[in-house]
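Notes follow once the structure below has been shown.
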Amino acid sequence: MTIGKNQPTVDNGLIAFLCASFAATLWREWPRDMRCTVLEAGSNGFSLTGTCPHCTSFSVFMIVGSQYAELLTPDASEVSICAAMRCQSCLKYILGIAIRRQHEIEYQEHYPLGKPDDSVPKEVAATDSGIAADFAEALRCLWVKSYKAAVAMCRCSRSELRTIRRKRQKPTNQD
């Protein structure tokens with residue numbers, strides 16, 4: 001399946017396609033502080049050490065289950081390895097991707113990349129739950145660098161706030 005001109009294809013390899021796809025371009029600046037450790041010489045076994053995207057603790061990530069390996073070169077000198085891994089601090093999962101070259105394994109990337117802080121200030125939450133929800137979504141949009149979507153969500157919040165103010169300022173007809 002060809003995606004477009006000069007775009008990765010699924011035929012060229014699943015991991016290459018996923019790494020070069022839409023999601024990878026959104027988070028060019030994600031935390032890349034992971035280090036890779038080879039667990040057994042001559043195998044694809046590895047662990048990652050770094051900041052957990054779930055609990056933000058510095059932790060070790062161990063492989064759970066089977067790995068997916070994909071040849072990157074015909075002579076098998078480079079192999080891409082994809083594995084489900086588990087944080088030893090919070091016990092949540094990540095997807096770790098590494099490349100084996102000869103007897104060394106090098107960290108490539110991991111998912112999820114983290115999570116946005118979409119906590120809403122007390123003043124906003126006290127105003128209206130709809131406004132708070134829109135504002136939280138605007139914060140998530142900023143986290144993925146979707147600036148126009150963040151502006152749109154702020155406009156929604158502002159519109160809701162105006163509606164609430166109009167309702168409060170409407171004079172009541174008392175005869």
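Ligands are numbered from 1 in the order shown, chains are lettered A, B, ... in the order of the structure tokens, and residues start at 1 in each chain.
Contact shell of Ala83 (chain A) at 8 Å (only C-alpha atoms; same-chain neighbours under 4 positions omitted): Ile63, Val64, Gly65, Ser66, Gln67, Tyr68, Leu95, Gly96 and Ile97 of chain A.
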Per-residue nearest contacts region 26-142 of chain A to region 151-156 of chain A, cut-off 12 Å, using only C-alpha atoms, as a tab-separated table:
```
residue	atom	partner	partner_atom	distance
A:Gly130	CA	A:Cys156	CA	9.5
A:Ile131	CA	A:Cys156	CA	7.8
A:Ala132	CA	A:Cys154	CA	10.3
A:Ala133	CA	A:Met153	CA	9.5
A:Asp134	CA	A:Met153	CA	5.7
A:Phe135	CA	A:Cys154	CA	6.2
A:Ala136	CA	A:Met153	CA	8.9
A:Glu137	CA	A:Met153	CA	6.8
A:Ala138	CA	A:Met153	CA	5.2
A:Leu139	CA	A:Met153	CA	8.9
A:Arg140	CA	A:Met153	CA	10.1
A:Cys141	CA	A:Met153	CA	8.5
A:Leu142	CA	A:Val151	CA	9.0
```
Residue subset to file, keeping C-alpha atoms, as a PDB file, in the first residue's frame:
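Output file again09.pdb is given in full below:
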```pdb
ATOM      1  CA  GLY A 130     -18.187  22.834  29.870  1.00  0.00           C
ATOM      2  CA  ILE A 131     -15.676  25.667  29.881  1.00  0.00           C
ATOM      3  CA  ALA A 132     -13.259  23.586  31.957  1.00  0.00           C
ATOM      4  CA  ALA A 133     -13.548  20.665  29.505  1.00  0.00           C
ATOM      5  CA  ASP A 134     -12.896  22.930  26.495  1.00  0.00           C
ATOM      6  CA  PHE A 135      -9.928  24.542  28.243  1.00  0.00           C
ATOM      7  CA  ALA A 136      -8.477  21.114  29.130  1.00  0.00           C
ATOM      8  CA  GLU A 137      -8.810  20.079  25.488  1.00  0.00           C
ATOM      9  CA  ALA A 138      -7.065  23.299  24.422  1.00  0.00           C
ATOM     10  CA  LEU A 139      -4.161  22.368  26.721  1.00  0.00           C
ATOM     11  CA  ARG A 140      -3.956  18.908  25.126  1.00  0.00           C
ATOM     12  CA  CYS A 141      -3.932  20.549  21.684  1.00  0.00           C
ATOM     13  CA  LEU A 142      -0.993  22.739  22.751  1.00  0.00           C
TER      14      LEU A 142
END
```
Could you tell me which of A:Val60, A:Asn44, A:Gly114, A:Gly50 comes closest to Ser80 (chain A) if we count only C-alpha atoms?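 Once distances to Ser80 (chain A) are computed over only C-alpha atoms, the minimum belongs to A:Asn44.
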Every residue of region 98-174 of chain A that DSSP places in helix (DSSP H, G or I), as an MDAnalysis selection string: chainID A and resid 122:127 129:143 147:169
Just N, CA and C atoms for this one: save the residues we selected as a CSV table (one decimal), in the first residue's frame.
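What follows is the written file selection_18.csv:
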```
chain,number,residue,atom,x,y,z
A,122,LYS,N,-8.4,26.1,39.3
A,122,LYS,CA,-9.6,26.1,40.1
A,122,LYS,C,-10.6,27.1,39.7
A,123,GLU,N,-10.1,28.3,39.3
A,123,GLU,CA,-11.0,29.4,38.9
A,123,GLU,C,-11.8,29.0,37.6
A,124,VAL,N,-11.1,28.4,36.7
A,124,VAL,CA,-11.8,28.0,35.5
A,124,VAL,C,-12.8,26.8,35.8
A,125,ALA,N,-12.4,25.8,36.5
A,125,ALA,CA,-13.2,24.7,36.9
A,125,ALA,C,-14.5,25.1,37.6
A,126,ALA,N,-14.3,26.2,38.5
A,126,ALA,CA,-15.5,26.7,39.3
A,126,ALA,C,-16.5,27.4,38.4
A,127,THR,N,-16.1,27.9,37.3
A,127,THR,CA,-16.9,28.7,36.4
A,127,THR,C,-18.0,27.8,35.8
A,129,SER,N,-18.4,23.5,34.0
A,129,SER,CA,-17.7,22.3,33.6
A,129,SER,C,-17.5,22.2,32.1
A,130,GLY,N,-18.4,22.8,31.3
A,130,GLY,CA,-18.2,22.8,29.9
A,130,GLY,C,-17.0,23.7,29.5
A,131,ILE,N,-16.8,24.8,30.1
A,131,ILE,CA,-15.7,25.7,29.9
A,131,ILE,C,-14.4,25.0,30.3
A,132,ALA,N,-14.4,24.3,31.5
A,132,ALA,CA,-13.3,23.6,32.0
A,132,ALA,C,-12.9,22.5,31.0
A,133,ALA,N,-13.8,21.8,30.5
A,133,ALA,CA,-13.5,20.7,29.5
A,133,ALA,C,-12.9,21.2,28.2
A,134,ASP,N,-13.5,22.3,27.7
A,134,ASP,CA,-12.9,22.9,26.5
A,134,ASP,C,-11.5,23.4,26.7
A,135,PHE,N,-11.3,24.0,27.9
A,135,PHE,CA,-9.9,24.5,28.2
A,135,PHE,C,-8.9,23.4,28.4
A,136,ALA,N,-9.4,22.3,29.0
A,136,ALA,CA,-8.5,21.1,29.1
A,136,ALA,C,-8.1,20.6,27.7
A,137,GLU,N,-9.1,20.5,26.8
A,137,GLU,CA,-8.8,20.1,25.5
A,137,GLU,C,-7.9,21.0,24.8
A,138,ALA,N,-8.0,22.3,25.0
A,138,ALA,CA,-7.1,23.3,24.4
A,138,ALA,C,-5.6,23.0,24.9
A,139,LEU,N,-5.5,22.7,26.2
A,139,LEU,CA,-4.2,22.4,26.7
A,139,LEU,C,-3.6,21.1,26.1
A,140,ARG,N,-4.4,20.1,25.8
A,140,ARG,CA,-4.0,18.9,25.1
A,140,ARG,C,-3.5,19.2,23.7
A,141,CYS,N,-4.3,20.1,23.1
A,141,CYS,CA,-3.9,20.5,21.7
A,141,CYS,C,-2.6,21.2,21.7
A,142,LEU,N,-2.3,22.1,22.7
A,142,LEU,CA,-1.0,22.7,22.8
A,142,LEU,C,0.1,21.7,22.9
A,143,TRP,N,-0.1,20.7,23.7
A,143,TRP,CA,0.9,19.7,24.0
A,143,TRP,C,1.3,19.0,22.7
A,147,TYR,N,-1.6,24.2,17.3
A,147,TYR,CA,-1.9,25.6,17.8
A,147,TYR,C,-3.2,26.1,17.3
A,148,LYS,N,-3.6,25.8,16.1
A,148,LYS,CA,-4.9,26.3,15.6
A,148,LYS,C,-6.0,25.6,16.3
A,149,ALA,N,-5.9,24.3,16.6
A,149,ALA,CA,-6.9,23.6,17.4
A,149,ALA,C,-7.0,24.2,18.8
A,150,ALA,N,-5.9,24.5,19.4
A,150,ALA,CA,-5.9,25.1,20.7
A,150,ALA,C,-6.6,26.5,20.7
A,151,VAL,N,-6.4,27.3,19.7
A,151,VAL,CA,-7.1,28.6,19.6
A,151,VAL,C,-8.6,28.3,19.4
A,152,ALA,N,-9.0,27.4,18.6
A,152,ALA,CA,-10.4,27.0,18.4
A,152,ALA,C,-11.0,26.6,19.7
A,153,MET,N,-10.4,25.8,20.5
A,153,MET,CA,-10.9,25.4,21.7
A,153,MET,C,-11.1,26.5,22.7
A,154,CYS,N,-10.1,27.5,22.7
A,154,CYS,CA,-10.2,28.6,23.6
A,154,CYS,C,-11.4,29.5,23.1
A,155,ARG,N,-11.6,29.6,21.8
A,155,ARG,CA,-12.7,30.4,21.3
A,155,ARG,C,-14.1,29.7,21.8
A,156,CYS,N,-14.1,28.4,21.8
A,156,CYS,CA,-15.3,27.7,22.3
A,156,CYS,C,-15.5,28.0,23.8
A,157,SER,N,-14.4,28.0,24.6
A,157,SER,CA,-14.5,28.4,26.0
A,157,SER,C,-15.0,29.8,26.2
A,158,ARG,N,-14.5,30.7,25.4
A,158,ARG,CA,-14.9,32.1,25.5
A,158,ARG,C,-16.3,32.3,25.1
A,159,SER,N,-16.8,31.6,24.1
A,159,SER,CA,-18.2,31.7,23.7
A,159,SER,C,-19.1,31.2,24.8
A,160,GLU,N,-18.7,30.1,25.4
A,160,GLU,CA,-19.5,29.5,26.5
A,160,GLU,C,-19.6,30.5,27.6
A,161,LEU,N,-18.4,31.1,27.9
A,161,LEU,CA,-18.4,32.1,29.0
A,161,LEU,C,-19.3,33.3,28.8
A,162,ARG,N,-19.3,33.8,27.5
A,162,ARG,CA,-20.2,34.9,27.2
A,162,ARG,C,-21.7,34.5,27.4
A,163,THR,N,-22.0,33.3,26.9
A,163,THR,CA,-23.4,32.8,27.1
A,163,THR,C,-23.8,32.8,28.6
A,164,ILE,N,-22.9,32.3,29.4
A,164,ILE,CA,-23.2,32.2,30.8
A,164,ILE,C,-23.3,33.6,31.4
A,165,ARG,N,-22.5,34.6,31.0
A,165,ARG,CA,-22.6,35.9,31.5
A,165,ARG,C,-23.9,36.6,31.1
A,166,ARG,N,-24.3,36.4,29.8
A,166,ARG,CA,-25.6,36.9,29.3
A,166,ARG,C,-26.7,36.4,30.2
A,167,LYS,N,-26.7,35.1,30.5
A,167,LYS,CA,-27.8,34.5,31.2
A,167,LYS,C,-27.9,35.1,32.6
A,168,ARG,N,-26.7,35.4,33.2
A,168,ARG,CA,-26.7,36.0,34.6
A,168,ARG,C,-27.1,37.4,34.6
A,169,GLN,N,-26.8,38.1,33.5
A,169,GLN,CA,-27.1,39.6,33.4
A,169,GLN,C,-28.5,39.9,32.9
```
With the cut-off set at 12 Å and counting only C-alpha atoms, tabulate each residue of region 70-162 of chain A with an atom at most that distance from an atom of region 51-56 of chain A, showing the nearest atom pair and its distance in Å to one decimal, ordered by chain and increasing number, as CSV.
```
residue,atom,partner,partner_atom,distance
A:Met85,CA,A:Cys52,CA,11.0
A:Arg86,CA,A:Cys52,CA,9.6
A:Cys87,CA,A:Cys52,CA,6.8
A:Gln88,CA,A:Cys52,CA,9.3
A:Ser89,CA,A:Cys55,CA,7.7
A:Cys90,CA,A:Cys55,CA,6.3
A:Leu91,CA,A:His54,CA,9.4
A:Lys92,CA,A:His54,CA,7.1
A:Tyr93,CA,A:His54,CA,8.5
A:Ile94,CA,A:Pro53,CA,8.2
A:Leu95,CA,A:Pro53,CA,11.0
A:Gly96,CA,A:Cys52,CA,11.6
A:His110,CA,A:Pro53,CA,9.3
A:Tyr111,CA,A:Pro53,CA,8.2
A:Pro112,CA,A:Pro53,CA,6.5
A:Leu113,CA,A:Pro53,CA,5.8
A:Gly114,CA,A:Pro53,CA,4.0
A:Lys115,CA,A:Pro53,CA,6.7
A:Pro116,CA,A:Pro53,CA,10.0
A:Asp117,CA,A:His54,CA,11.5
```
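One finds CA of Arg35 (chain A) at 21.9 Å from CA of Leu71 (chain A).
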Expressed in Å to a single decimal, how great is the separation between CA of Ser77 (chain A) and CA of Asp33 (chain A)? 25.4 Å
Separation of CA of Thr37 (chain A) from CA of Thr73 (chain A) in Å: 22.4 Å
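Minimum distance to Glu104 (chain A) across A:Ala69, A:Met34, A:Ala84, A:Phe46 (counting only C-alpha atoms) occurs at A:Phe46.
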Calculated over only C-alpha atoms, which of the candidates A:Ile81, A:Ala41, A:Val120, A:Lys145 has the smallest distance to Tyr107 (chain A)?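 Of all the options, A:Ile81 lies closest to Tyr107 (chain A).
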